[in-house]
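K.L.:
Here it is, the structure, as structure tokens.
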Amino acid sequence: MLPAGEWPSIAAFLAERLPAVSAEGWLARMAAGSVVDENGIAVTAERRYVTGLRIFYYRSLDAEEPIPFEEHVLFQDDYLVVADKPHFLPVIPSGRYVQETLLVRLKRKLGIDTLAPIHRIDRETAGLVLFTIQPATRGRYQDLFRERSVRKHYEAIAPWRPELSLPLTYRSRIEEDAVRFMQMREVEGVPNSETEIDVLEVRGALARYALSPVTGRKHQLRAHCAALGIPILNDLIYPDLLPEGSDDYARPLQLLAKSIAFDDPVTGQARNFSSERELSFPI
């Protein structure tokens with residue numbers, strides 16, 4: 001994240017604060033499209049400095065572990081790419097992941113340097129992620145999410161609790177935990193998160209739930225399920241935060257971004273996409 005300060009451009013900041021790469025080297029990376037902002041938009045040499053903006057630059061990390069699952073492109077036209085993301089794959093570069101992210105993989109696979117995600121889902125979650133292709137129309141698609149004009153549906157496997165009297169709408173106020181920064185916690189106050197919950201099928205002590213988020217808070221579905229006593233199967237964060245590096249590829253989080261629907265603000269078409277992935281009850 002760019003700190004508070006006065007620099008004429010992002011390039012000037014990088015050259016001063018990260019001198020391991022020369023000023024010419026930063027300009028070359030920008031010309032190659034290897035420096036992007038938090039929305040995946042390429043940073044140019046002339047782009048002005050903005051405090052608080054997150055910047056990423058693509059590099060090879062010796063310790064970056066290949067993620068052994070493949071994404072699938074479900075749809076592509078002149079404006080949109082719809083990808084079906086596997087579990088464990090981050091959407092954008094962050095932390096120890098750069099090359100092994102959905103954005104970088106798709107840019108390489110499709111050869112589209114202007115590709116940028118409209119929204120995000122957790123690294124541990126599988127399912128649909130939408131990307132824009134044209135910078136000129138990107139804002140119109142992002143407005144759909146800001147205005148809550150997108151209908152999103154998830155599925156999750158979690159303990160079965162018949163006393164919940166489903167379907168139900170769950171509302172609460174969730175904020176980042178000051179101690180466990182990876183977790184969101186429920187606090188007193190006006191609700192800022194809302195999820196509609198129903199049951200799709202029951203198998204013994206477990207059930208497959210339909211989750212429809214009305215709002216889009218960080219970890220909202222995971223936090224709400226845990227608060228209701230139905231923590232999502234194989235969740236390493238809720239209700240208990242496990243140590244970093246506890247990933248088990250044989251036990252993915254059983255949460256899937258299953259479908260998404262909206263009216264296309266550019267073409268006017270009704271869009272409805274569904275993931276081809278399925279969740280797995282334990283054998």
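Naming scheme: A, B, ... for chains in displayed order of the structure tokens; residues 1 onward per chain; ligands 1 onward as shown.
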Write out as a ChimeraX atom specification all residues of range 89-281 of chain A that DSSP puts in alpha helix (DSSP H) for this structure's backbone.
P.N.:
/A:102-110,135-146,220-227
K.L.:
Can you tell me which residues surround Gly139 in chain A at a distance of at most 12 Å, considering only C-alpha atoms, apart from same-chain residues fewer than 6 positions away, and format the answer as a VMD selection string?
P.N.:
chain A and resid 39 79 116 to 119 131 to 133 145 to 147 265 to 266
K.L.:
Excluding Thr267 in chain A and its own-chain neighbours fewer than 4 positions away, which residues fall within 12 Å of it when counting only C-alpha atoms? Please give them as a list in words.
P.N.:
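So the residues in contact are Asp77, Asp78, Tyr79, Leu80, Thr137, Arg140, Tyr141, Phe262, Asp263 and Arg271 of chain A.
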K.L.:
Please provide as a list of chain:residue names all residues within 6 Å of range 189-193 of chain A, with the sequence filter that same-chain residues fewer than 5 positions apart are discarded (counting only C-alpha atoms).
P.N.:
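So, after excluding close chain neighbours, the residues are A:Arg171, A:Ser172, A:Arg173, A:Thr215.
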K.L.:
Restricting the calculation to only C-alpha atoms, which member of A:Val104, A:Leu166, A:Ile10, A:Leu242 is positioned closest to Gln183 in chain A?
P.N.:
A:Leu242
K.L.:
Give me, as an mmCIF file with C-alpha atoms, in the first residue's frame, all polymer residues having an atom no more than 9 Å from Phe88 in chain A, counting only C-alpha atoms and skipping those fewer than 3 positions away in the same chain.
P.N.:
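Output saved as result-v9.cif:
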```cif
data_model
loop_
_atom_site.group_PDB
_atom_site.id
_atom_site.type_symbol
_atom_site.label_atom_id
_atom_site.label_comp_id
_atom_site.auth_asym_id
_atom_site.auth_seq_id
_atom_site.Cartn_x
_atom_site.Cartn_y
_atom_site.Cartn_z
ATOM 1 C CA ILE A 67 -1.078 -24.676 -7.115
ATOM 2 C CA PHE A 69 -5.558 -27.037 -9.835
ATOM 3 C CA LYS A 85 -11.721 -20.667 -10.162
ATOM 4 C CA ASP A 122 -11.453 -15.739 -1.149
ATOM 5 C CA ARG A 123 -8.437 -17.808 -2.125
ATOM 6 C CA GLU A 124 -10.000 -20.799 -0.357
ATOM 7 C CA THR A 125 -13.344 -20.443 -2.172
ATOM 8 C CA ALA A 126 -13.978 -21.970 -5.595
ATOM 9 C CA ASP A 247 -3.716 -25.856 3.729
ATOM 10 C CA TYR A 249 -5.284 -29.891 -0.873
ATOM 11 C CA PRO A 252 -10.726 -27.792 0.415
ATOM 12 C CA LEU A 253 -13.124 -25.342 2.002
#
```
K.L.:
Could you name the residues that touch range 12-25 of chain A at 9 Å or less, counting only C-alpha atoms, but leaving out those on the same chain fewer than 4 positions away, as a list in words?
P.N.:
Leu2, Glu6, Trp7, Pro8, Arg29, Met30, Ala45 and Tyr49 of chain A
K.L.:
Using only C-alpha atoms, pick whichever of A:Asp113, A:Glu155, A:Glu38, A:Glu100 has the shortest atom-to-atom distance to Leu233 in chain A.
P.N.:
A:Glu155
K.L.:
Calculated over only C-alpha atoms, which of the candidates A:Ala270, A:Ile260, A:Leu74, A:Ala158 has the smallest distance to Tyr238 in chain A?
P.N.:
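Nearest to Tyr238 in chain A: A:Ala158.
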K.L.:
Using only C-alpha atoms, which of the listed residues (A:Phe56, A:Phe75, A:Phe181, A:Tyr209) sits closest to Ser275 in chain A?
P.N.:
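Selected residue with least distance to Ser275 in chain A: A:Phe75.
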K.L.:
So which bits of range 39-223 of chain A end up strand (DSSP E) when you DSSP the backbone, as a VMD selection string?
P.N.:
chain A and resid 55 to 57 72 to 76 80 to 85 116 to 117 126 to 132 151 to 159 168 to 176 184 to 187 193 to 203 206 to 213
K.L.:
Please identify all polymer residues within 6 Å of Leu206 in chain A, counting only C-alpha atoms, omitting same-chain residues fewer than 2 positions from it, and present them as a ChimeraX atom specification.
P.N.:
/A:158-160,203-204
K.L.:
In Å to one decimal, how far is CA of His87 in chain A from CA of Val129 in chain A?
P.N.:
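Separating CA of Val129 in chain A from CA of His87 in chain A is a distance of 12.3 Å.
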K.L.:
Which residue is closest to Leu115 in chain A? Choose from A:Ala178, A:Ile55, A:Leu89, A:Ile41 and count only C-alpha atoms.
P.N.:
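Closest to Leu115 in chain A of all the choices is A:Ile41.
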K.L.:
Could you tell me how far CA of Glu194 in chain A lies from CA of His219 in chain A, in Å and to one decimal?
P.N.:
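Straight-line distance from CA of Glu194 in chain A to CA of His219 in chain A works out to 12.0 Å.
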K.L.:
Which one of A:Ile283, A:Val35, A:Leu241, A:Val98 sits closest to Pro66 in chain A if you count only C-alpha atoms?
P.N.:
A:Val98
K.L.:
Enter the distance from CA of Leu103 in chain A to CA of Ala210 in chain A, in Å, rounded to one decimal.
P.N.:
27.2 Å
